[in-house]
$ cat start21.cif   # mmCIF, C-alpha atoms
data_my_file
loop_
_atom_site.label_atom_id
_atom_site.label_comp_id
_atom_site.auth_asym_id
_atom_site.auth_seq_id
_atom_site.Cartn_x
_atom_site.Cartn_y
_atom_site.Cartn_z
CA ASP A 1 16.51 -79.05 36.57
CA GLN A 2 17.62 -75.44 36.54
CA GLN A 3 17.17 -74.10 33.04
CA VAL A 4 18.56 -70.64 33.79
CA LYS A 5 21.71 -70.47 35.86
CA GLN A 6 23.49 -67.59 37.47
CA ASN A 7 26.55 -69.24 38.91
CA SER A 8 27.86 -66.26 40.83
CA PRO A 9 25.78 -65.59 43.93
CA SER A 10 27.57 -62.30 44.49
CA LEU A 11 29.84 -59.78 42.83
CA SER A 12 31.64 -56.80 44.29
CA VAL A 13 33.07 -53.95 42.17
CA GLN A 14 34.41 -50.47 42.70
CA GLU A 15 32.41 -47.44 41.72
CA GLY A 16 33.22 -46.34 38.19
CA ARG A 17 34.40 -49.77 37.07
CA ILE A 18 32.56 -52.26 34.90
CA SER A 19 30.19 -54.84 36.40
CA ILE A 20 29.72 -58.03 34.40
CA LEU A 21 26.92 -60.36 35.40
CA ASN A 22 26.68 -63.73 33.72
CA CYS A 23 23.86 -66.10 32.92
CA ASP A 24 23.71 -69.50 31.25
CA TYR A 25 20.69 -71.37 29.95
CA THR A 26 20.06 -74.91 28.83
CA ASN A 27 16.73 -74.77 27.02
CA SER A 28 17.30 -74.15 23.31
CA MET A 29 13.65 -73.09 22.97
CA PHE A 30 14.33 -69.87 24.84
CA ASP A 31 14.31 -66.95 22.41
CA TYR A 32 13.90 -63.89 24.58
CA PHE A 33 16.02 -62.86 27.53
CA LEU A 34 15.57 -60.19 30.16
CA TRP A 35 17.47 -58.72 33.06
CA TYR A 36 15.74 -57.47 36.17
CA LYS A 37 17.05 -55.61 39.20
CA LYS A 38 15.56 -56.29 42.61
CA TYR A 39 15.83 -54.68 46.01
CA PRO A 40 14.83 -56.61 49.16
CA ALA A 41 11.08 -56.79 49.77
CA GLU A 42 10.32 -55.19 46.40
CA GLY A 43 9.29 -56.53 43.02
CA PRO A 44 11.83 -56.83 40.21
CA THR A 45 12.41 -53.82 37.99
CA PHE A 46 12.92 -54.40 34.27
CA LEU A 47 16.31 -53.28 33.00
CA ILE A 48 16.97 -54.53 29.50
CA SER A 49 16.06 -57.36 27.16
CA ILE A 50 17.39 -59.06 24.06
CA SER A 51 15.85 -61.21 21.39
CA SER A 52 17.63 -64.27 20.09
CA ILE A 53 17.93 -62.66 16.67
CA LYS A 54 20.38 -60.17 18.14
CA ASP A 55 23.69 -60.56 19.91
CA LYS A 56 23.83 -57.19 21.61
CA ASN A 57 21.45 -54.61 23.00
CA GLU A 58 22.46 -51.38 24.66
CA ASP A 59 20.55 -48.93 26.82
CA GLY A 60 22.54 -46.23 28.51
CA ARG A 61 24.95 -47.76 30.98
CA PHE A 62 23.51 -51.24 30.45
CA THR A 63 24.48 -53.61 27.65
CA VAL A 64 23.38 -57.19 27.25
CA PHE A 65 25.34 -59.64 25.13
CA LEU A 66 23.95 -62.92 23.87
CA ASN A 67 26.02 -65.87 22.67
CA LYS A 68 23.50 -68.36 21.35
CA SER A 69 26.00 -71.06 20.50
CA ALA A 70 27.27 -71.02 24.07
CA LYS A 71 23.81 -70.45 25.53
CA HIS A 72 25.26 -67.61 27.51
CA LEU A 73 24.33 -64.02 28.12
CA SER A 74 25.89 -61.28 30.14
CA LEU A 75 24.90 -57.88 31.47
CA HIS A 76 27.51 -55.15 31.49
CA ILE A 77 27.06 -52.07 33.62
CA VAL A 78 29.50 -49.27 33.00
CA PRO A 79 30.31 -47.17 34.86
CA SER A 80 28.99 -48.89 37.98
CA GLN A 81 27.37 -46.71 40.62
CA PRO A 82 26.60 -47.40 44.30
CA GLY A 83 22.89 -47.17 43.45
CA ASP A 84 23.32 -50.20 41.21
CA SER A 85 23.80 -52.36 44.30
CA ALA A 86 20.96 -54.90 44.20
CA VAL A 87 20.16 -58.46 43.19
CA TYR A 88 20.14 -58.96 39.43
CA PHE A 89 18.00 -61.69 37.91
CA CYS A 90 18.38 -63.16 34.47
CA ALA A 91 15.14 -64.46 32.93
CA ALA A 92 14.29 -66.30 29.74
CA SER A 93 11.16 -67.08 27.79
CA GLY A 94 10.27 -69.06 24.70
CA GLY A 95 7.12 -69.84 22.78
CA SER A 96 3.83 -68.02 22.87
CA ASN A 97 2.99 -68.28 26.55
CA TYR A 98 5.45 -65.54 27.63
CA LYS A 99 6.28 -67.43 30.82
CA LEU A 100 9.58 -66.42 32.36
CA THR A 101 12.12 -68.76 33.88
CA PHE A 102 14.38 -66.98 36.34
CA GLY A 103 17.89 -67.62 37.51
CA LYS A 104 18.66 -67.48 41.24
CA GLY A 105 20.11 -64.00 41.02
CA THR A 106 23.46 -62.33 41.63
CA LEU A 107 23.93 -59.82 44.42
CA LEU A 108 25.92 -56.89 43.06
CA THR A 109 27.64 -54.58 45.50
CA VAL A 110 29.20 -51.42 44.15
CA ASN A 111 31.61 -49.89 46.62
CA PRO A 112 32.13 -46.11 46.70
CA GLY B 1 4.75 -46.06 31.89
CA ALA B 2 4.09 -49.75 32.60
CA VAL B 3 3.33 -49.41 36.29
CA VAL B 4 1.95 -52.34 38.25
CA SER B 5 0.44 -51.83 41.66
CA GLN B 6 0.14 -54.67 44.17
CA HIS B 7 -1.83 -54.46 47.38
CA PRO B 8 -1.42 -55.06 50.26
CA SER B 9 2.33 -54.88 50.65
CA ARG B 10 2.22 -56.81 53.87
CA VAL B 11 -0.44 -58.92 55.56
CA ILE B 12 -0.51 -60.95 58.74
CA CYS B 13 -3.34 -63.39 59.24
CA LYS B 14 -4.42 -66.25 61.44
CA SER B 15 -4.17 -69.82 60.28
CA GLY B 16 -7.35 -70.94 58.52
CA THR B 17 -8.34 -67.53 57.19
CA SER B 18 -8.26 -66.40 53.56
CA VAL B 19 -6.23 -63.53 52.17
CA LYS B 20 -6.80 -61.65 48.92
CA ILE B 21 -3.98 -59.91 47.06
CA GLU B 22 -4.71 -57.47 44.25
CA CYS B 23 -2.57 -56.73 41.22
CA ARG B 24 -3.40 -53.78 38.99
CA SER B 25 -1.85 -52.49 35.81
CA LEU B 26 -2.18 -48.73 36.20
CA ASP B 27 -1.33 -47.32 32.80
CA PHE B 28 -1.82 -50.19 30.40
CA GLN B 29 -4.17 -53.07 29.77
CA ALA B 30 -2.92 -56.52 30.52
CA THR B 31 -4.70 -59.55 29.14
CA THR B 32 -2.09 -61.70 30.81
CA MET B 33 -0.79 -61.45 34.34
CA PHE B 34 1.41 -63.79 36.33
CA TRP B 35 1.70 -64.74 39.98
CA TYR B 36 5.03 -65.71 41.51
CA ARG B 37 6.24 -66.82 44.88
CA GLN B 38 9.70 -66.19 46.23
CA PHE B 39 11.26 -68.10 49.08
CA PRO B 40 14.19 -66.60 51.03
CA LYS B 41 17.36 -66.47 48.96
CA GLN B 42 15.62 -68.25 46.12
CA SER B 43 14.49 -67.30 42.68
CA LEU B 44 10.99 -66.33 41.67
CA MET B 45 8.85 -69.39 41.09
CA LEU B 46 5.92 -69.04 38.72
CA MET B 47 2.67 -70.18 40.32
CA ALA B 48 0.13 -69.45 37.63
CA THR B 49 -0.71 -67.50 34.51
CA SER B 50 -3.82 -65.36 34.75
CA ASN B 51 -5.71 -64.62 31.54
CA GLU B 52 -8.47 -62.04 31.41
CA GLY B 53 -11.85 -63.64 31.00
CA SER B 54 -10.67 -67.22 31.29
CA LYS B 55 -9.42 -69.68 33.85
CA ALA B 56 -5.92 -69.39 35.18
CA THR B 57 -3.25 -71.87 34.18
CA TYR B 58 -1.42 -73.30 37.15
CA GLU B 59 2.11 -74.63 37.24
CA GLN B 60 2.72 -78.19 38.27
CA GLY B 61 2.49 -78.66 42.01
CA VAL B 62 0.44 -75.52 42.68
CA GLU B 63 -2.95 -76.25 44.26
CA LYS B 64 -5.55 -74.36 42.26
CA ASP B 65 -8.17 -74.74 45.00
CA LYS B 66 -5.84 -73.18 47.51
CA PHE B 67 -4.59 -70.33 45.34
CA LEU B 68 -7.65 -68.88 43.62
CA ILE B 69 -6.97 -66.51 40.77
CA ASN B 70 -9.48 -64.16 39.21
CA HIS B 71 -8.69 -61.91 36.25
CA ALA B 72 -11.99 -60.14 35.83
CA SER B 73 -10.80 -57.09 33.92
CA LEU B 74 -7.92 -55.98 31.73
CA THR B 75 -6.31 -54.16 34.63
CA LEU B 76 -6.98 -56.35 37.66
CA SER B 77 -6.01 -59.82 38.76
CA THR B 78 -6.50 -61.15 42.27
CA LEU B 79 -4.88 -64.02 44.13
CA THR B 80 -6.76 -65.45 47.11
CA VAL B 81 -4.90 -67.74 49.45
CA THR B 82 -7.65 -69.85 50.99
CA SER B 83 -7.44 -71.44 54.42
CA ALA B 84 -3.94 -70.14 54.86
CA HIS B 85 -1.43 -72.09 56.90
CA PRO B 86 2.03 -71.13 58.21
CA GLU B 87 3.69 -72.91 55.29
CA ASP B 88 1.96 -70.46 52.96
CA SER B 89 3.95 -67.63 54.48
CA SER B 90 6.02 -66.20 51.68
CA PHE B 91 6.63 -63.25 49.38
CA TYR B 92 4.08 -63.18 46.56
CA ILE B 93 4.71 -61.07 43.47
CA CYS B 94 2.51 -60.38 40.48
CA SER B 95 3.46 -59.19 37.03
CA ALA B 96 1.59 -57.93 34.00
CA LEU B 97 2.58 -58.58 30.42
CA ALA B 98 3.04 -55.33 28.53
CA HIS B 99 4.46 -54.38 25.16
CA ARG B 100 7.50 -56.03 23.70
CA ASP B 101 6.79 -59.16 25.69
CA ILE B 102 8.07 -57.60 28.88
CA GLN B 103 6.62 -58.41 32.27
CA TYR B 104 6.38 -55.53 34.71
CA PHE B 105 6.20 -56.45 38.36
CA GLY B 106 4.32 -55.25 41.37
CA ALA B 107 6.12 -54.47 44.61
CA GLY B 108 5.17 -57.78 46.17
CA THR B 109 3.17 -58.88 49.20
CA ARG B 110 4.73 -60.33 52.30
CA LEU B 111 2.27 -62.85 53.76
CA SER B 112 2.78 -64.06 57.31
CA VAL B 113 0.39 -66.73 58.60
CA LEU B 114 0.37 -67.20 62.36
#

$ encode --input "start21.cif" --output "structure tokens"
Amino acid sequence: DQQVKQNSPSLSVQEGRISILNCDYTNSMFDYFLWYKKYPAEGPTFLISISSIKDKNEDGRFTVFLNKSAKHLSLHIVPSQPGDSAVYFCAASGGSNYKLTFGKGTLLTVNP
Amino acid sequence: GAVVSQHPSRVICKSGTSVKIECRSLDFQATTMFWYRQFPKQSLMLMATSNEGSKATYEQGVEKDKFLINHASLTLSTLTVTSAHPEDSSFYICSALAHRDIQYFGAGTRLSVL
């Protein structure tokens, strides 16, 4: 049972345009959500997070939106840059154990 | 800040031998660290939660006698793959829990068992 789903395995955008990566979750106990960026053969790099008490968090070019009623979150990158090309993982946690449940990732390719 | 170092980055070993992987939080103390495994084109799968000074908590289906975890200090957790077999070949990644409930990850270890 996949509790965190990233339904788009890949996404391709032009440099300078907006990249929108989506994530859905099923476990209503999740109350903290994170986005990580990962290059091949490297560990994930933390990008941005959001608590369930918020619906938006912004950090530079990255903005995460949370729709609790739809159990959906999205990561917006604007403007997209070729260096943003990587696999993006959505992760969720809930409760006091801080364990993360990851989605399968979306490969973002930003074309010059 | 929040740098996690993982060593070695790559290891090749013979079947039946044991391999130790180290995970260090370099600029913060981490009472809780995590060990993950990633299969090709798959997500990160949590193997166990490592708590400083106490026994690790393993996820269902993970053999605790095969994957020994030691979290002896606030900056170091180790994962030992005992009696490794080819099916243990994988990409192992550790993380350390820092402020704001964020996990920071090491660079990963590629284990190849011949």

$ closest_atom_pairs --input "start21.cif" --of "chain B" --to "chain A" --cutoff "8 Å" --atoms "only C-alpha atoms" --output "CSV"
residue,atom,partner,partner_atom,distance
B:Lys41,CA,A:Lys104,CA,7.9
B:Gln42,CA,A:Lys104,CA,5.8
B:Ser43,CA,A:Lys104,CA,4.4
B:Leu44,CA,A:Phe102,CA,6.4
B:Met45,CA,A:Phe102,CA,7.7
B:Leu46,CA,A:Leu100,CA,7.8
B:Thr49,CA,A:Lys99,CA,7.9
B:Phe91,CA,A:Ala41,CA,7.9
B:Ile93,CA,A:Gly43,CA,6.5
B:Asp101,CA,A:Tyr98,CA,6.8
B:Ile102,CA,A:Phe46,CA,7.9
B:Gln103,CA,A:Phe46,CA,7.7
B:Tyr104,CA,A:Phe46,CA,6.7
B:Phe105,CA,A:Gly43,CA,5.6
B:Gly106,CA,A:Gly43,CA,5.4
B:Ala107,CA,A:Gly43,CA,4.1
B:Gly108,CA,A:Gly43,CA,5.3
B:Arg110,CA,A:Ala41,CA,7.7

$ resolve_selection --input "start21.cif" --expression "the PyMOL selection byres ((chain B and resi 82) around 12)" --output "PyMOL selection string"
chain B and resi 13-21+63-69+79-81+83-85+88+113

$ resolve_selection --input "start21.cif" --expression "the PyMOL selection byres ((chain A and resi 11-23) around 7)" --output "list of chain:residue names"
A:Lys5, A:Gln6, A:Ser10, A:Asp24, A:Tyr25, A:His72, A:Leu73, A:Ser74, A:Leu75, A:His76, A:Ile77, A:Val78, A:Pro79, A:Ser80, A:Gln81, A:Pro82, A:Cys90, A:Thr106, A:Leu107, A:Leu108, A:Thr109, A:Val110, A:Asn111, A:Pro112

$ closest_residue --input "start21.cif" --among "B:Met47, B:Leu74, B:Leu111, B:Cys94" --to "Ala30 of chain B" --atoms "all atoms listed in the file"
B:Leu74

$ resolve_selection --input "start21.cif" --expression "the PyMOL selection byres ((chain B and resi 71) around 12)" --output "mmCIF file with C-alpha atoms, in the coordinates of the input"
data_model
loop_
_atom_site.group_PDB
_atom_site.id
_atom_site.type_symbol
_atom_site.label_atom_id
_atom_site.label_comp_id
_atom_site.auth_asym_id
_atom_site.auth_seq_id
_atom_site.Cartn_x
_atom_site.Cartn_y
_atom_site.Cartn_z
ATOM 1 C CA ILE B 21 -3.980 -59.910 47.060
ATOM 2 C CA GLU B 22 -4.710 -57.470 44.250
ATOM 3 C CA CYS B 23 -2.570 -56.730 41.220
ATOM 4 C CA ARG B 24 -3.400 -53.780 38.990
ATOM 5 C CA SER B 25 -1.850 -52.490 35.810
ATOM 6 C CA GLN B 29 -4.170 -53.070 29.770
ATOM 7 C CA ALA B 30 -2.920 -56.520 30.520
ATOM 8 C CA THR B 31 -4.700 -59.550 29.140
ATOM 9 C CA THR B 32 -2.090 -61.700 30.810
ATOM 10 C CA MET B 33 -0.790 -61.450 34.340
ATOM 11 C CA PHE B 34 1.410 -63.790 36.330
ATOM 12 C CA TRP B 35 1.700 -64.740 39.980
ATOM 13 C CA ALA B 48 0.130 -69.450 37.630
ATOM 14 C CA THR B 49 -0.710 -67.500 34.510
ATOM 15 C CA SER B 50 -3.820 -65.360 34.750
ATOM 16 C CA ASN B 51 -5.710 -64.620 31.540
ATOM 17 C CA GLU B 52 -8.470 -62.040 31.410
ATOM 18 C CA GLY B 53 -11.850 -63.640 31.000
ATOM 19 C CA SER B 54 -10.670 -67.220 31.290
ATOM 20 C CA LYS B 55 -9.420 -69.680 33.850
ATOM 21 C CA ALA B 56 -5.920 -69.390 35.180
ATOM 22 C CA THR B 57 -3.250 -71.870 34.180
ATOM 23 C CA LEU B 68 -7.650 -68.880 43.620
ATOM 24 C CA ILE B 69 -6.970 -66.510 40.770
ATOM 25 C CA ASN B 70 -9.480 -64.160 39.210
ATOM 26 C CA ALA B 72 -11.990 -60.140 35.830
ATOM 27 C CA SER B 73 -10.800 -57.090 33.920
ATOM 28 C CA LEU B 74 -7.920 -55.980 31.730
ATOM 29 C CA THR B 75 -6.310 -54.160 34.630
ATOM 30 C CA LEU B 76 -6.980 -56.350 37.660
ATOM 31 C CA SER B 77 -6.010 -59.820 38.760
ATOM 32 C CA THR B 78 -6.500 -61.150 42.270
ATOM 33 C CA LEU B 79 -4.880 -64.020 44.130
ATOM 34 C CA THR B 80 -6.760 -65.450 47.110
ATOM 35 C CA ALA B 96 1.590 -57.930 34.000
#

$ closest_residue --input "start21.cif" --among "B:Glu87, B:Ala98, B:Glu59, B:Tyr36" --to "Val4 of chain B" --atoms "all atoms listed in the file"
B:Ala98

$ atom_distance --input "start21.cif" --atom1 "atom CA of Tyr92 of chain B" --atom2 "atom CA of Trp35 of chain A"
19.5 Å

$ closest_residue --input "start21.cif" --among "A:Ser85, A:Ser28, A:Ser51, A:Gln3" --to "Leu66 of chain A" --atoms "all atoms listed in the file"
A:Ser51

$ atom_distance --input "start21.cif" --atom1 "atom CA of Gly60 of chain A" --atom2 "atom CA of Asp84 of chain A"
13.3 Å

$ atom_distance --input "start21.cif" --atom1 "atom CA of Thr63 of chain A" --atom2 "atom CA of Ala2 of chain B"
21.3 Å

$ closest_residue --input "start21.cif" --among "B:Ser90, B:Leu97, B:Leu114, B:Tyr58" --to "Pro40 of chain B" --atoms "only C-alpha atoms"
B:Ser90

$ decode --input "start21.cif" --residues "segment 26-44 of chain A" --atoms "N, CA, C and O atoms" --output "CSV table (one decimal), in the first residue's frame"
chain,number,residue,atom,x,y,z
A,26,THR,N,-2.2,9.3,1.4
A,26,THR,CA,-3.5,8.6,1.8
A,26,THR,C,-3.6,8.6,3.3
A,26,THR,O,-4.7,8.5,3.8
A,27,ASN,N,-2.5,8.7,4.0
A,27,ASN,CA,-2.5,8.6,5.5
A,27,ASN,C,-2.9,9.9,6.1
A,27,ASN,O,-2.1,10.8,6.1
A,28,SER,N,-4.0,10.0,6.7
A,28,SER,CA,-4.5,11.3,7.3
A,28,SER,C,-3.7,11.6,8.6
A,28,SER,O,-3.8,12.7,9.1
A,29,MET,N,-2.8,10.7,9.1
A,29,MET,CA,-2.0,11.0,10.2
A,29,MET,C,-0.7,11.8,9.9
A,29,MET,O,-0.1,12.3,10.7
A,30,PHE,N,-0.4,11.8,8.6
A,30,PHE,CA,0.7,12.6,8.2
A,30,PHE,C,0.5,14.1,8.5
A,30,PHE,O,-0.6,14.6,8.2
A,31,ASP,N,1.5,14.7,9.1
A,31,ASP,CA,1.3,16.2,9.4
A,31,ASP,C,2.5,17.0,9.1
A,31,ASP,O,2.6,18.2,9.4
A,32,TYR,N,3.5,16.4,8.4
A,32,TYR,CA,4.7,17.2,8.0
A,32,TYR,C,5.1,16.6,6.7
A,32,TYR,O,5.2,15.4,6.5
A,33,PHE,N,5.4,17.5,5.8
A,33,PHE,CA,5.8,17.1,4.4
A,33,PHE,C,7.1,17.7,4.0
A,33,PHE,O,7.3,18.9,4.2
A,34,LEU,N,7.9,17.0,3.2
A,34,LEU,CA,9.1,17.5,2.8
A,34,LEU,C,9.4,17.1,1.3
A,34,LEU,O,8.9,16.1,0.8
A,35,TRP,N,10.2,18.0,0.7
A,35,TRP,CA,10.6,17.7,-0.7
A,35,TRP,C,12.2,17.6,-0.7
A,35,TRP,O,12.9,18.4,-0.1
A,36,TYR,N,12.6,16.5,-1.3
A,36,TYR,CA,14.1,16.3,-1.5
A,36,TYR,C,14.4,16.2,-2.9
A,36,TYR,O,13.6,15.8,-3.7
A,37,LYS,N,15.6,16.6,-3.2
A,37,LYS,CA,16.2,16.5,-4.6
A,37,LYS,C,17.3,15.5,-4.6
A,37,LYS,O,18.1,15.5,-3.6
A,38,LYS,N,17.4,14.7,-5.6
A,38,LYS,CA,18.4,13.6,-5.6
A,38,LYS,C,19.0,13.4,-6.9
A,38,LYS,O,18.4,13.3,-7.9
A,39,TYR,N,20.4,13.4,-6.9
A,39,TYR,CA,21.1,13.1,-8.1
A,39,TYR,C,21.5,11.6,-8.0
A,39,TYR,O,21.6,11.0,-6.9
A,40,PRO,N,21.8,11.0,-9.2
A,40,PRO,CA,22.1,9.5,-9.1
A,40,PRO,C,23.3,9.3,-8.2
A,40,PRO,O,24.3,10.1,-8.2
A,41,ALA,N,23.3,8.2,-7.5
A,41,ALA,CA,24.4,7.7,-6.6
A,41,ALA,C,24.7,8.8,-5.6
A,41,ALA,O,25.9,8.8,-5.1
A,42,GLU,N,23.8,9.6,-5.2
A,42,GLU,CA,24.0,10.5,-4.1
A,42,GLU,C,22.8,10.4,-3.1
A,42,GLU,O,21.8,9.9,-3.5
A,43,GLY,N,23.0,11.0,-1.9
A,43,GLY,CA,21.9,11.0,-1.0
A,43,GLY,C,21.0,12.2,-1.3
A,43,GLY,O,21.3,13.1,-2.0
A,44,PRO,N,19.7,12.1,-0.9
A,44,PRO,CA,18.8,13.2,-1.1
A,44,PRO,C,19.2,14.5,-0.4
A,44,PRO,O,19.8,14.5,0.7
